[in-house]
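K.L.:
What follows is entry-v5.txt, compact mmCIF, C-alpha atoms.
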```
# COMPACT_ATOMS: atom_id res chain seq x y z
CA MET T 1159 -35.64 -14.98 3.16
CA SER T 1160 -32.46 -14.32 1.30
CA GLU T 1161 -32.15 -10.89 -0.31
CA SER T 1162 -30.93 -12.50 -3.48
CA HIS T 1163 -34.53 -13.53 -4.15
CA HIS T 1164 -35.54 -9.88 -4.57
CA ALA T 1165 -33.26 -9.36 -7.49
CA PRO T 1166 -34.43 -10.35 -10.94
CA ALA T 1167 -32.63 -13.50 -11.93
CA ALA T 1168 -29.93 -12.93 -14.50
CA SER T 1169 -30.49 -14.84 -17.70
CA ALA T 1170 -26.79 -15.73 -17.87
CA PRO T 1171 -24.24 -13.79 -15.80
CA HIS T 1172 -21.45 -12.54 -18.01
CA SER T 1173 -18.32 -10.52 -17.41
CA GLN T 1174 -17.51 -7.38 -19.40
CA ASP T 1175 -15.59 -9.38 -21.99
CA ASP T 1176 -18.63 -11.62 -22.38
CA HIS T 1177 -17.21 -14.74 -20.74
CA PRO T 1178 -19.70 -16.48 -18.49
CA VAL T 1179 -18.94 -15.95 -14.80
CA ASP T 1180 -18.62 -19.14 -12.76
CA PHE T 1181 -18.37 -18.71 -8.99
CA ASN T 1182 -16.39 -21.87 -8.24
CA SER T 1183 -13.85 -21.42 -11.01
CA TYR T 1184 -13.28 -17.83 -9.82
CA LEU T 1185 -12.83 -19.10 -6.27
CA ARG T 1186 -10.18 -21.59 -7.46
CA ARG T 1187 -8.44 -18.93 -9.54
CA CYS T 1188 -8.42 -16.52 -6.58
CA GLY T 1189 -6.92 -19.22 -4.34
CA ALA T 1190 -4.14 -19.78 -6.86
CA ILE T 1191 -3.44 -16.04 -7.15
CA LEU T 1192 -3.37 -15.65 -3.37
CA ALA T 1193 -0.83 -18.48 -3.19
CA VAL T 1194 1.33 -16.78 -5.84
CA VAL T 1195 1.13 -13.43 -4.03
CA LEU T 1196 2.07 -15.00 -0.68
CA CYS T 1197 4.99 -16.85 -2.30
CA ALA T 1198 6.15 -13.58 -3.88
CA VAL T 1199 6.03 -11.83 -0.48
CA ALA T 1200 8.03 -14.66 1.11
CA LEU T 1201 10.56 -14.50 -1.75
CA MET T 1202 10.95 -10.72 -1.36
CA ILE T 1203 11.61 -11.06 2.36
CA TRP T 1204 14.11 -13.88 1.71
CA ALA T 1205 15.86 -11.80 -0.97
CA SER T 1206 16.16 -8.85 1.39
CA PHE T 1207 18.36 -10.96 3.70
CA LEU T 1208 20.70 -12.11 0.91
CA ASN T 1209 24.31 -11.08 1.21
CA LEU T 1210 24.33 -8.92 -1.93
CA GLY T 1211 25.01 -5.30 -2.80
CA TRP T 1212 22.24 -2.76 -2.26
CA GLY T 1213 21.61 -2.25 -6.00
CA GLU T 1214 21.41 -5.97 -6.79
CA LYS T 1215 19.12 -6.59 -3.84
CA VAL T 1216 16.77 -3.75 -4.86
CA ALA T 1217 16.68 -5.03 -8.46
CA ILE T 1218 15.75 -8.58 -7.36
CA ILE T 1219 13.11 -7.40 -4.87
CA LEU T 1220 11.51 -4.99 -7.34
CA CYS T 1221 11.45 -7.72 -10.03
CA ILE T 1222 9.54 -10.00 -7.65
CA ALA T 1223 7.23 -7.11 -6.70
CA SER T 1224 6.55 -6.48 -10.41
CA VAL T 1225 5.60 -10.14 -10.96
CA ASN T 1226 3.32 -9.83 -7.93
CA ALA T 1227 1.78 -6.65 -9.37
CA PHE T 1228 1.30 -8.37 -12.76
CA PHE T 1229 -0.82 -11.09 -11.15
CA VAL T 1230 -2.92 -8.60 -9.19
CA ALA T 1231 -3.45 -6.25 -12.14
CA GLY T 1232 -3.74 -8.97 -14.77
CA PHE T 1233 -6.13 -11.34 -13.05
CA LEU T 1234 -7.82 -9.49 -10.20
CA MET T 1235 -8.30 -6.25 -12.17
CA HIS T 1236 -8.95 -8.21 -15.39
CA LEU T 1237 -6.31 -6.17 -17.21
CA LEU T 1238 -5.38 -9.14 -19.38
CA SER T 1239 -8.79 -9.03 -21.05
CA GLU T 1240 -9.75 -5.36 -21.02
CA LYS T 1241 -11.06 -3.08 -23.73
CA LYS T 1242 -8.78 -0.96 -25.93
CA MET T 1243 -9.92 2.22 -24.19
CA VAL T 1244 -8.42 1.07 -20.86
CA TYR T 1245 -5.12 0.15 -22.53
CA THR T 1246 -5.01 3.59 -24.17
CA ILE T 1247 -5.53 5.35 -20.82
CA LEU T 1248 -2.87 3.17 -19.20
CA GLY T 1249 -0.48 3.65 -22.12
CA PHE T 1250 -0.57 7.43 -21.62
CA THR T 1251 -0.20 7.00 -17.84
CA VAL T 1252 2.81 4.71 -18.13
CA SER T 1253 4.56 7.06 -20.56
CA PHE T 1254 3.98 10.02 -18.22
CA VAL T 1255 5.26 8.07 -15.21
CA ILE T 1256 8.37 6.98 -17.11
CA GLY T 1257 8.91 10.63 -18.09
CA LEU T 1258 8.55 11.63 -14.44
CA PHE T 1259 11.13 9.06 -13.31
CA VAL T 1260 13.55 9.91 -16.13
CA LEU T 1261 13.32 13.62 -15.31
CA THR T 1262 13.97 12.83 -11.63
CA ILE T 1263 17.05 10.77 -12.45
CA TYR T 1264 18.23 13.41 -14.94
CA ALA T 1265 17.78 16.16 -12.33
CA MET T 1266 20.09 14.36 -9.89
CA ASN T 1267 23.15 15.39 -11.89
CA ASP T 1268 21.80 18.57 -13.41
CA PHE T 1269 23.46 21.33 -11.41
CA PRO T 1270 23.67 24.98 -12.47
CA LYS T 1271 27.07 26.19 -13.74
CA ASN T 1272 29.73 26.86 -11.04
CA THR T 1273 27.84 24.88 -8.40
CA VAL T 1274 30.14 23.97 -5.52
CA ILE T 1275 29.32 20.67 -3.81
CA HIS T 1276 30.63 20.32 -0.25
CA MET R 222 -33.92 11.86 -16.75
CA GLU R 223 -32.14 8.55 -17.16
CA ILE R 224 -28.33 8.64 -17.12
CA PRO R 225 -27.14 6.70 -20.17
CA TYR R 226 -24.57 3.89 -20.13
CA THR R 227 -24.69 3.11 -16.40
CA VAL R 228 -25.32 -0.55 -17.21
CA GLU R 229 -24.69 -1.26 -20.86
CA ALA R 230 -21.41 -0.40 -22.56
CA ARG R 231 -21.06 2.66 -24.76
CA PRO R 232 -20.61 1.61 -28.40
CA ASP R 233 -17.51 3.79 -28.89
CA THR R 234 -15.53 2.88 -25.73
CA GLY R 235 -16.91 -0.60 -25.16
CA LEU R 236 -17.23 0.24 -21.44
CA TYR R 237 -19.93 1.63 -19.21
CA ASN R 238 -19.26 5.21 -18.12
CA ALA R 239 -18.27 4.54 -14.51
CA LYS R 240 -15.56 2.17 -15.67
CA VAL R 241 -13.99 4.77 -17.96
CA GLY R 242 -14.23 7.21 -15.05
CA ILE R 243 -12.51 4.94 -12.55
CA TRP R 244 -9.66 4.14 -14.96
CA LEU R 245 -9.10 7.87 -15.60
CA PHE R 246 -9.13 8.45 -11.84
CA LEU R 247 -6.67 5.59 -11.29
CA ALA R 248 -4.41 7.11 -13.95
CA SER R 249 -4.29 10.34 -11.94
CA GLU R 250 -3.58 8.29 -8.81
CA VAL R 251 -0.65 6.60 -10.53
CA MET R 252 0.80 10.06 -11.20
CA LEU R 253 0.24 11.10 -7.57
CA PHE R 254 2.04 8.08 -6.13
CA GLY R 255 4.57 8.18 -9.00
CA GLY R 256 5.60 11.68 -7.92
CA LEU R 257 6.11 10.53 -4.34
CA PHE R 258 8.03 7.43 -5.44
CA SER R 259 10.31 9.55 -7.62
CA GLY R 260 10.84 11.82 -4.59
CA TYR R 261 11.88 8.71 -2.68
CA ILE R 262 14.36 7.72 -5.43
CA LEU R 263 15.84 11.23 -5.46
CA LEU R 264 16.38 11.31 -1.70
CA ARG R 265 17.50 7.68 -1.42
CA VAL R 266 20.13 7.91 -4.13
CA GLY R 267 21.29 11.31 -2.85
CA ALA R 268 21.76 10.09 0.74
CA GLU R 269 25.29 9.85 2.09
CA PRO R 270 26.64 6.29 2.35
CA GLY R 271 25.55 4.62 5.59
CA MET R 272 23.08 7.38 6.40
CA TRP R 273 19.89 5.75 5.04
CA PRO R 274 17.90 3.65 7.51
CA HIS R 275 17.73 -0.13 7.20
CA GLY R 276 15.58 -2.28 9.44
CA TRP R 277 13.71 0.60 11.05
CA GLN R 278 10.33 -0.94 10.30
CA ASN R 279 8.61 -3.78 12.10
CA LEU R 280 8.90 -6.46 9.40
CA THR R 281 6.42 -8.80 11.10
CA LEU R 282 3.67 -6.16 11.18
CA GLY R 283 4.47 -5.09 7.61
CA THR R 284 4.23 -8.69 6.39
CA ILE R 285 0.94 -9.25 8.22
CA ASN R 286 -0.44 -6.09 6.62
CA THR R 287 0.68 -7.28 3.18
CA ILE R 288 -1.12 -10.61 3.68
CA VAL R 289 -4.23 -8.85 5.02
CA LEU R 290 -4.37 -6.57 1.97
CA ALA R 291 -3.82 -9.48 -0.43
CA LEU R 292 -6.70 -11.32 1.25
CA SER R 293 -8.92 -8.25 0.97
CA ALA R 294 -8.17 -8.03 -2.77
CA ILE R 295 -9.41 -11.61 -3.17
CA THR R 296 -12.57 -11.03 -1.12
CA THR R 297 -13.32 -7.86 -3.14
CA LEU R 298 -13.16 -9.80 -6.39
CA MET R 299 -15.28 -12.62 -4.97
CA ALA R 300 -17.86 -10.07 -3.82
CA TRP R 301 -18.17 -8.87 -7.42
CA VAL R 302 -18.40 -12.46 -8.71
CA ALA R 303 -21.14 -13.15 -6.14
CA CYS R 304 -23.06 -10.16 -7.51
CA LYS R 305 -22.59 -11.40 -11.06
CA VAL R 306 -24.05 -14.80 -10.23
CA ARG R 307 -26.83 -13.11 -8.23
CA GLN R 308 -25.87 -14.54 -4.82
CA PHE R 309 -26.32 -11.52 -2.60
CA ASP R 310 -25.70 -13.38 0.67
CA LYS R 311 -22.25 -14.39 -0.54
CA PHE R 312 -21.63 -10.81 -1.67
CA LYS R 313 -22.45 -9.55 1.83
CA PHE R 314 -20.11 -12.11 3.39
CA PHE R 315 -17.17 -11.31 1.10
CA HIS R 316 -17.57 -7.55 1.40
CA ALA R 317 -17.79 -7.84 5.19
CA CYS R 318 -14.47 -9.73 5.04
CA THR R 319 -12.99 -6.91 2.96
CA LEU R 320 -14.12 -4.36 5.54
CA LEU R 321 -12.67 -6.46 8.34
CA CYS R 322 -9.34 -6.69 6.48
CA ALA R 323 -9.33 -2.92 5.92
CA LEU R 324 -9.95 -2.29 9.61
CA THR R 325 -7.19 -4.73 10.57
CA PHE R 326 -4.79 -3.02 8.17
CA LEU R 327 -5.53 0.42 9.62
CA CYS R 328 -5.19 -0.81 13.22
CA ILE R 329 -1.81 -2.38 12.49
CA LYS R 330 -0.70 0.83 10.78
CA LEU R 331 -1.68 2.80 13.87
CA VAL R 332 0.36 0.44 16.04
CA GLU R 333 3.36 1.01 13.76
CA TYR R 334 2.92 4.79 13.90
CA HIS R 335 2.71 4.61 17.68
CA GLU R 336 5.95 2.59 17.79
CA HIS R 337 7.74 5.28 15.79
CA LEU R 338 6.31 8.21 17.71
CA ASN R 339 7.24 6.60 21.03
CA HIS R 340 10.83 5.92 19.92
CA TYR R 341 13.36 8.67 20.73
CA GLU R 342 16.84 9.66 19.70
CA ILE R 343 18.42 11.64 22.54
CA HIS R 344 21.69 13.53 22.11
CA LEU R 345 23.49 13.79 25.45
CA THR R 346 25.87 16.48 26.64
CA ASP R 347 28.82 14.02 26.70
CA GLY R 348 28.48 13.50 22.91
CA THR R 349 26.86 10.06 23.08
CA ILE R 350 23.39 9.24 21.79
CA ALA R 351 20.68 7.37 23.69
CA ASP R 352 18.12 5.63 21.47
CA GLY R 353 15.04 3.71 22.50
CA ASP R 354 11.37 3.56 23.43
CA MET R 355 10.14 6.09 25.96
CA VAL R 356 9.11 4.42 29.20
CA GLN R 357 8.67 7.44 31.44
CA ASN R 358 8.63 11.14 30.54
CA ASP R 359 7.01 12.92 33.47
CA PRO R 360 7.66 16.70 33.30
CA THR R 361 7.63 16.89 37.12
CA GLN R 362 10.55 14.45 37.34
CA ASP R 363 14.16 15.53 36.77
CA HIS R 364 14.88 12.45 34.65
CA ILE R 365 13.39 10.35 31.88
CA VAL R 366 13.46 6.58 31.42
CA ILE R 367 13.88 4.84 28.06
CA SER R 368 14.25 1.22 27.02
CA GLY R 369 17.13 1.17 24.57
CA ARG R 370 20.87 1.64 24.25
CA ILE R 371 23.62 4.27 24.13
CA VAL R 372 25.85 4.59 21.06
CA THR R 373 28.84 6.76 20.30
CA ASP R 374 28.57 6.68 16.49
CA GLU R 375 25.35 7.99 14.89
CA LYS R 376 25.81 5.58 11.94
CA LEU R 377 25.06 2.67 14.29
CA LEU R 378 21.49 3.95 14.53
CA TYR R 379 20.92 3.72 10.78
CA ASP R 380 21.72 0.16 9.74
CA LEU R 381 19.94 -1.99 12.30
CA ARG R 382 19.82 -5.01 9.99
CA SER R 383 23.57 -5.59 9.98
CA GLN R 384 23.73 -5.54 13.79
CA LYS R 385 22.85 -8.82 15.43
CA ASN R 386 21.39 -9.07 18.94
CA ILE R 387 21.18 -5.39 19.85
CA GLU R 388 21.13 -5.28 23.63
CA GLU R 389 18.49 -3.00 25.07
CA LYS R 390 18.05 -2.11 28.71
CA GLU R 391 16.18 0.43 30.79
CA LEU R 392 18.16 3.66 30.99
CA THR R 393 17.51 6.52 33.40
CA ILE R 394 18.72 9.81 31.92
CA PRO R 395 18.84 13.02 34.00
CA ARG R 396 17.25 15.93 32.12
CA SER R 397 20.36 18.02 32.76
CA GLN R 398 22.32 15.63 30.48
CA ILE R 399 19.91 15.97 27.55
CA GLN R 400 21.09 18.26 24.78
CA ASP R 401 18.46 17.41 22.19
CA MET R 402 15.59 14.91 22.09
CA GLN R 403 13.44 13.95 19.12
CA SER R 404 10.93 11.19 18.45
CA TYR R 405 10.94 9.16 15.23
CA GLY R 406 8.12 11.18 13.66
CA PRO R 407 8.06 12.55 10.10
CA TRP R 408 10.22 15.49 11.23
CA HIS R 409 13.12 13.19 12.22
CA ASN R 410 14.73 12.66 8.80
CA ASN R 411 13.98 12.28 5.06
CA TYR R 412 13.29 8.57 5.32
CA LEU R 413 10.65 8.97 8.02
CA ALA R 414 9.14 11.98 6.23
CA LEU R 415 8.70 9.80 3.14
CA TYR R 416 7.52 6.84 5.20
CA PHE R 417 4.78 8.82 6.93
CA THR R 418 3.76 10.64 3.73
CA LEU R 419 3.55 7.52 1.56
CA THR R 420 1.95 5.22 4.13
CA GLY R 421 -0.30 8.01 5.44
CA LEU R 422 -1.61 8.76 1.95
CA HIS R 423 -2.04 5.04 1.32
CA ALA R 424 -3.91 4.62 4.62
CA LEU R 425 -6.21 7.51 3.61
CA HIS R 426 -6.97 5.60 0.41
CA ILE R 427 -7.76 2.50 2.46
CA LEU R 428 -10.06 4.60 4.64
CA GLY R 429 -11.78 6.17 1.60
CA GLY R 430 -12.20 2.78 -0.08
CA SER R 431 -13.60 1.33 3.14
CA VAL R 432 -16.22 4.10 3.34
CA VAL R 433 -17.35 3.33 -0.23
CA ILE R 434 -17.41 -0.43 0.40
CA ALA R 435 -19.29 0.09 3.68
CA TYR R 436 -21.83 2.27 1.84
CA LEU R 437 -22.38 -0.41 -0.81
CA TRP R 438 -22.66 -3.04 1.91
CA GLY R 439 -25.06 -0.94 3.99
CA PRO R 440 -27.40 1.80 2.72
CA GLY R 441 -26.32 1.49 -0.91
CA ARG R 442 -27.68 -2.07 -1.21
CA LYS R 443 -31.18 -0.71 -1.90
CA MET R 444 -30.15 -0.49 -5.53
CA TRP R 445 -29.68 -4.27 -5.66
CA LYS R 446 -33.44 -4.76 -5.53
CA LYS R 447 -34.35 -2.43 -8.38
CA ASP R 448 -31.26 -2.52 -10.63
CA PRO R 449 -28.86 -5.37 -9.76
CA GLU R 450 -26.68 -4.96 -12.86
CA ARG R 451 -26.01 -1.30 -12.10
CA TYR R 452 -25.28 -2.22 -8.49
CA THR R 453 -22.85 -4.91 -9.70
CA ASN R 454 -21.10 -2.30 -11.81
CA ARG R 455 -20.71 -0.09 -8.72
CA VAL R 456 -19.18 -3.03 -6.88
CA GLU R 457 -16.78 -3.61 -9.78
CA VAL R 458 -15.68 0.04 -9.85
CA SER R 459 -15.06 0.12 -6.09
CA GLY R 460 -13.19 -3.17 -6.47
CA LEU R 461 -10.91 -1.70 -9.14
CA PHE R 462 -10.02 1.12 -6.75
CA TRP R 463 -9.34 -1.41 -4.00
CA HIS R 464 -7.03 -3.46 -6.24
CA PHE R 465 -5.14 -0.29 -7.11
CA VAL R 466 -4.61 0.41 -3.40
CA ASP R 467 -3.30 -3.16 -3.07
CA LEU R 468 -0.97 -2.57 -6.05
CA VAL R 469 0.49 0.54 -4.40
CA TRP R 470 1.18 -1.47 -1.24
CA ILE R 471 2.89 -4.20 -3.28
CA PHE R 472 5.59 -1.60 -4.08
CA LEU R 473 5.47 0.32 -0.80
CA PHE R 474 6.21 -2.77 1.28
CA PRO R 475 9.54 -3.69 -0.35
CA VAL R 476 10.64 -0.07 -0.75
CA LEU R 477 10.03 0.94 2.88
CA TYR R 478 10.41 -2.35 4.77
CA LEU R 479 12.91 -4.42 2.80
CA THR R 480 15.44 -2.22 0.97
```
I need this file expressed as structure tokens, please.
P.N.:
Amino acid sequence: MSESHHAPAASAPHSQDDHPVDFNSYLRRCGAILAVVLCAVALMIWASFLNLGWGEKVAIILCIASVNAFFVAGFLMHLLSEKKMVYTILGFTVSFVIGLFVLTIYAMNDFPKNTVIH
Amino acid sequence: MEIPYTVEARPDTGLYNAKVGIWLFLASEVMLFGGLFSGYILLRVGAEPGMWPHGWQNLTLGTINTIVLALSAITTLMAWVACKVRQFDKFKFFHACTLLCALTFLCIKLVEYHEHLNHYEIHLTDGTIADGDMVQNDPTQDHIVISGRIVTDEKLLYDLRSQKNIEEKELTIPRSQIQDMQSYGPWHNNYLALYFTLTGLHALHILGGSVVIAYLWGPGRKMWKKDPERYTNRVEVSGLFWHFVDLVWIFLFPVLYLT
């Protein structure tokens, strides 16, 4: 006997944002997202072999990676339809990470007075 | 005593407690990996021209791992959906797939680590450098055997992508000619130190996530019978962590394998 019979039947399965959950539509959506992710990976690999400067290549590859990340975070983590609390937490996190990166970049050229670079 | 808001959402946050907890935890994880990524930027931009490795990673294995992790992200979500629609057999199938993907990922990572740790850069007394995979390193023998090549300029060892058809052959090197010998472990240079730190930490996350998923799949499933909604929430929280691990890899792969 299937274990699913032990569980009380749900009156109507709903997601957090109160949309009804449909197994087949999720399966189709997941297939589409997997296809997008695989295309993005193929594009990144293709871009890495382009005859461009290092900076341009990195910019293109990271743009594709960001699109990839958007699909994973937006659809698989349901970030496109989350509650305000989650956005607040992420807002703080993003601002701290940006601060961290800016400080790192700033520190690259921040030498003490009379520093001699060989 | 009953713990409140394990199933229903709190009125003030609109979320059940575990979900707030996992998002706060993920925020701290973003800062952890953010610090390491900024360390990477600092060292990469500060490297001398031509002295940052390109093409040192096995692109085929890296790509397979990326696909495996993407697949596992899908199966994790489908496991949660199966719980939501109360189809526990499907949940078990999808979570087993996730575990299989995680195991595959870790095995491939181990193969990659082994490749690096078995690869040696050997400085010879005549000023040349031998570079390749160790074939024989028997301390009782007065020579070692590697499968690789000999170069005169160290820069040739860094940019492997721009060199087409690198010819490798079996080289027997007398120990008396070896000045210095080092494997491609984290001690070798900044790039490999970052590679091992970032991928090692990521692999630990995969391992930790796998333990949680295996618990939910195995002994933790008892909760399904008495409180399926709470169990579903646990599956969702572990899934969020798993998607985060996938997100980190989405940036690790291009940074370490492609640029």
K.L.:
Which of these, T:Phe1259, T:Phe1254, T:Ser1239, T:Leu1210, has the shortest distance to R:Phe258 once you count all atoms listed in the file?
P.N.:
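Checking each candidate against R:Phe258, we get T:Phe1259 as the closest.
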K.L.:
Using all atoms listed in the file, which residue out of T:Ala1198, T:Val1274, T:Ile1222, T:Met1243 lies closest to chain R?
P.N.:
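Checking each candidate against chain R, we get T:Met1243 as the closest.
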K.L.:
As a PyMOL selection string, could you give me every residue of chain R near chain T (at most 9 Å apart, counting only C-alpha atoms)?
P.N.:
chain R and resi 230+234-236+240-241+244-245+248-249+251-252+255-256+258-260+262-263+266-267+280+284+287-288+291-292+294-296+298-299+302-303+305-310+382+445-450+460-461+464-465+467-469+471-472+475-476+479-480
K.L.:
I need the chosen residues saved as a compact mmCIF listing (two decimals), keeping the file's coordinate frame, with C-alpha atoms.
P.N.:
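Dumped to result06.txt:
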```txt
# COMPACT_ATOMS: atom_id res chain seq x y z
CA ALA R 230 -21.41 -0.40 -22.56
CA THR R 234 -15.53 2.88 -25.73
CA GLY R 235 -16.91 -0.60 -25.16
CA LEU R 236 -17.23 0.24 -21.44
CA LYS R 240 -15.56 2.17 -15.67
CA VAL R 241 -13.99 4.77 -17.96
CA TRP R 244 -9.66 4.14 -14.96
CA LEU R 245 -9.10 7.87 -15.60
CA ALA R 248 -4.41 7.11 -13.95
CA SER R 249 -4.29 10.34 -11.94
CA VAL R 251 -0.65 6.60 -10.53
CA MET R 252 0.80 10.06 -11.20
CA GLY R 255 4.57 8.18 -9.00
CA GLY R 256 5.60 11.68 -7.92
CA PHE R 258 8.03 7.43 -5.44
CA SER R 259 10.31 9.55 -7.62
CA GLY R 260 10.84 11.82 -4.59
CA ILE R 262 14.36 7.72 -5.43
CA LEU R 263 15.84 11.23 -5.46
CA VAL R 266 20.13 7.91 -4.13
CA GLY R 267 21.29 11.31 -2.85
CA LEU R 280 8.90 -6.46 9.40
CA THR R 284 4.23 -8.69 6.39
CA THR R 287 0.68 -7.28 3.18
CA ILE R 288 -1.12 -10.61 3.68
CA ALA R 291 -3.82 -9.48 -0.43
CA LEU R 292 -6.70 -11.32 1.25
CA ALA R 294 -8.17 -8.03 -2.77
CA ILE R 295 -9.41 -11.61 -3.17
CA THR R 296 -12.57 -11.03 -1.12
CA LEU R 298 -13.16 -9.80 -6.39
CA MET R 299 -15.28 -12.62 -4.97
CA VAL R 302 -18.40 -12.46 -8.71
CA ALA R 303 -21.14 -13.15 -6.14
CA LYS R 305 -22.59 -11.40 -11.06
CA VAL R 306 -24.05 -14.80 -10.23
CA ARG R 307 -26.83 -13.11 -8.23
CA GLN R 308 -25.87 -14.54 -4.82
CA PHE R 309 -26.32 -11.52 -2.60
CA ASP R 310 -25.70 -13.38 0.67
CA ARG R 382 19.82 -5.01 9.99
CA TRP R 445 -29.68 -4.27 -5.66
CA LYS R 446 -33.44 -4.76 -5.53
CA LYS R 447 -34.35 -2.43 -8.38
CA ASP R 448 -31.26 -2.52 -10.63
CA PRO R 449 -28.86 -5.37 -9.76
CA GLU R 450 -26.68 -4.96 -12.86
CA GLY R 460 -13.19 -3.17 -6.47
CA LEU R 461 -10.91 -1.70 -9.14
CA HIS R 464 -7.03 -3.46 -6.24
CA PHE R 465 -5.14 -0.29 -7.11
CA ASP R 467 -3.30 -3.16 -3.07
CA LEU R 468 -0.97 -2.57 -6.05
CA VAL R 469 0.49 0.54 -4.40
CA ILE R 471 2.89 -4.20 -3.28
CA PHE R 472 5.59 -1.60 -4.08
CA PRO R 475 9.54 -3.69 -0.35
CA VAL R 476 10.64 -0.07 -0.75
CA LEU R 479 12.91 -4.42 2.80
CA THR R 480 15.44 -2.22 0.97
```
K.L.:
Which residues, protein or nucleic acid, reach to within 12 Å of (-6.5, 4.9, 7.5) in the file's coordinates when using only C-alpha atoms, and can you give that as a PDB file with C-alpha atoms, keeping the file's coordinate frame?
P.N.:
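Once written, part27.pdb looks like this:
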```
ATOM      1  CA  CYS R 322      -9.340  -6.690   6.480  1.00  0.00           C
ATOM      2  CA  ALA R 323      -9.330  -2.920   5.920  1.00  0.00           C
ATOM      3  CA  LEU R 324      -9.950  -2.290   9.610  1.00  0.00           C
ATOM      4  CA  THR R 325      -7.190  -4.730  10.570  1.00  0.00           C
ATOM      5  CA  PHE R 326      -4.790  -3.020   8.170  1.00  0.00           C
ATOM      6  CA  LEU R 327      -5.530   0.420   9.620  1.00  0.00           C
ATOM      7  CA  CYS R 328      -5.190  -0.810  13.220  1.00  0.00           C
ATOM      8  CA  ILE R 329      -1.810  -2.380  12.490  1.00  0.00           C
ATOM      9  CA  LYS R 330      -0.700   0.830  10.780  1.00  0.00           C
ATOM     10  CA  LEU R 331      -1.680   2.800  13.870  1.00  0.00           C
ATOM     11  CA  VAL R 332       0.360   0.440  16.040  1.00  0.00           C
ATOM     12  CA  TYR R 334       2.920   4.790  13.900  1.00  0.00           C
ATOM     13  CA  PHE R 417       4.780   8.820   6.930  1.00  0.00           C
ATOM     14  CA  LEU R 419       3.550   7.520   1.560  1.00  0.00           C
ATOM     15  CA  THR R 420       1.950   5.220   4.130  1.00  0.00           C
ATOM     16  CA  GLY R 421      -0.300   8.010   5.440  1.00  0.00           C
ATOM     17  CA  LEU R 422      -1.610   8.760   1.950  1.00  0.00           C
ATOM     18  CA  HIS R 423      -2.040   5.040   1.320  1.00  0.00           C
ATOM     19  CA  ALA R 424      -3.910   4.620   4.620  1.00  0.00           C
ATOM     20  CA  LEU R 425      -6.210   7.510   3.610  1.00  0.00           C
ATOM     21  CA  HIS R 426      -6.970   5.600   0.410  1.00  0.00           C
ATOM     22  CA  ILE R 427      -7.760   2.500   2.460  1.00  0.00           C
ATOM     23  CA  LEU R 428     -10.060   4.600   4.640  1.00  0.00           C
ATOM     24  CA  GLY R 429     -11.780   6.170   1.600  1.00  0.00           C
ATOM     25  CA  GLY R 430     -12.200   2.780  -0.080  1.00  0.00           C
ATOM     26  CA  SER R 431     -13.600   1.330   3.140  1.00  0.00           C
ATOM     27  CA  VAL R 432     -16.220   4.100   3.340  1.00  0.00           C
ATOM     28  CA  VAL R 466      -4.610   0.410  -3.400  1.00  0.00           C
TER      29      VAL R 466
END
```
K.L.:
Just the number, please: distance in Å from atom CA of R:Thr349 to atom CA of R:Val372, one decimal.
P.N.:
5.9 Å
K.L.:
Report as number ranges by chain all protein, DNA and RNA residues lying within 12 Å of R:His409, evaluated on all atoms listed in the file, omitting residues in the same chain fewer than 3 positions from it.
P.N.:
R: 274, 337-338, 340-343, 402-406, 412-417
K.L.:
Quote the spacing between atom CA of R:Arg396 and atom CA of R:Gln357 in Å to one decimal place.
P.N.:
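Distance reported for this atom pair: 12.1 Å.
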K.L.:
Using only C-alpha atoms, which residues sit within 9 Å of R:Met355 once same-chain residues fewer than 6 positions away are excluded, as a list in words?
P.N.:
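What passes the distance filter is Asn339, His340, Tyr341, Ile365, Val366, Ile367, Ser368 and Gly369 of chain R.
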K.L.:
Those selected residues, please, written with C-alpha atoms and delivered as a PDB file, in the frame of the given file.
P.N.:
```
ATOM      1  CA  ASN R 339       7.240   6.600  21.030  1.00  0.00           C
ATOM      2  CA  HIS R 340      10.830   5.920  19.920  1.00  0.00           C
ATOM      3  CA  TYR R 341      13.360   8.670  20.730  1.00  0.00           C
ATOM      4  CA  ILE R 365      13.390  10.350  31.880  1.00  0.00           C
ATOM      5  CA  VAL R 366      13.460   6.580  31.420  1.00  0.00           C
ATOM      6  CA  ILE R 367      13.880   4.840  28.060  1.00  0.00           C
ATOM      7  CA  SER R 368      14.250   1.220  27.020  1.00  0.00           C
ATOM      8  CA  GLY R 369      17.130   1.170  24.570  1.00  0.00           C
TER       9      GLY R 369
END
```
K.L.:
Between atom CA of R:Leu257 and atom CA of R:Asp352, what is the spacing in Å?
P.N.:
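Going from atom CA of R:Asp352 over to atom CA of R:Leu257, I get 28.9 Å.
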K.L.:
Excluding same-chain residues fewer than 3 positions from R:Tyr379, what lies within 9 Å of it counting all atoms listed in the file, as number ranges by chain?
P.N.:
R: 271-277, 375-376, 382
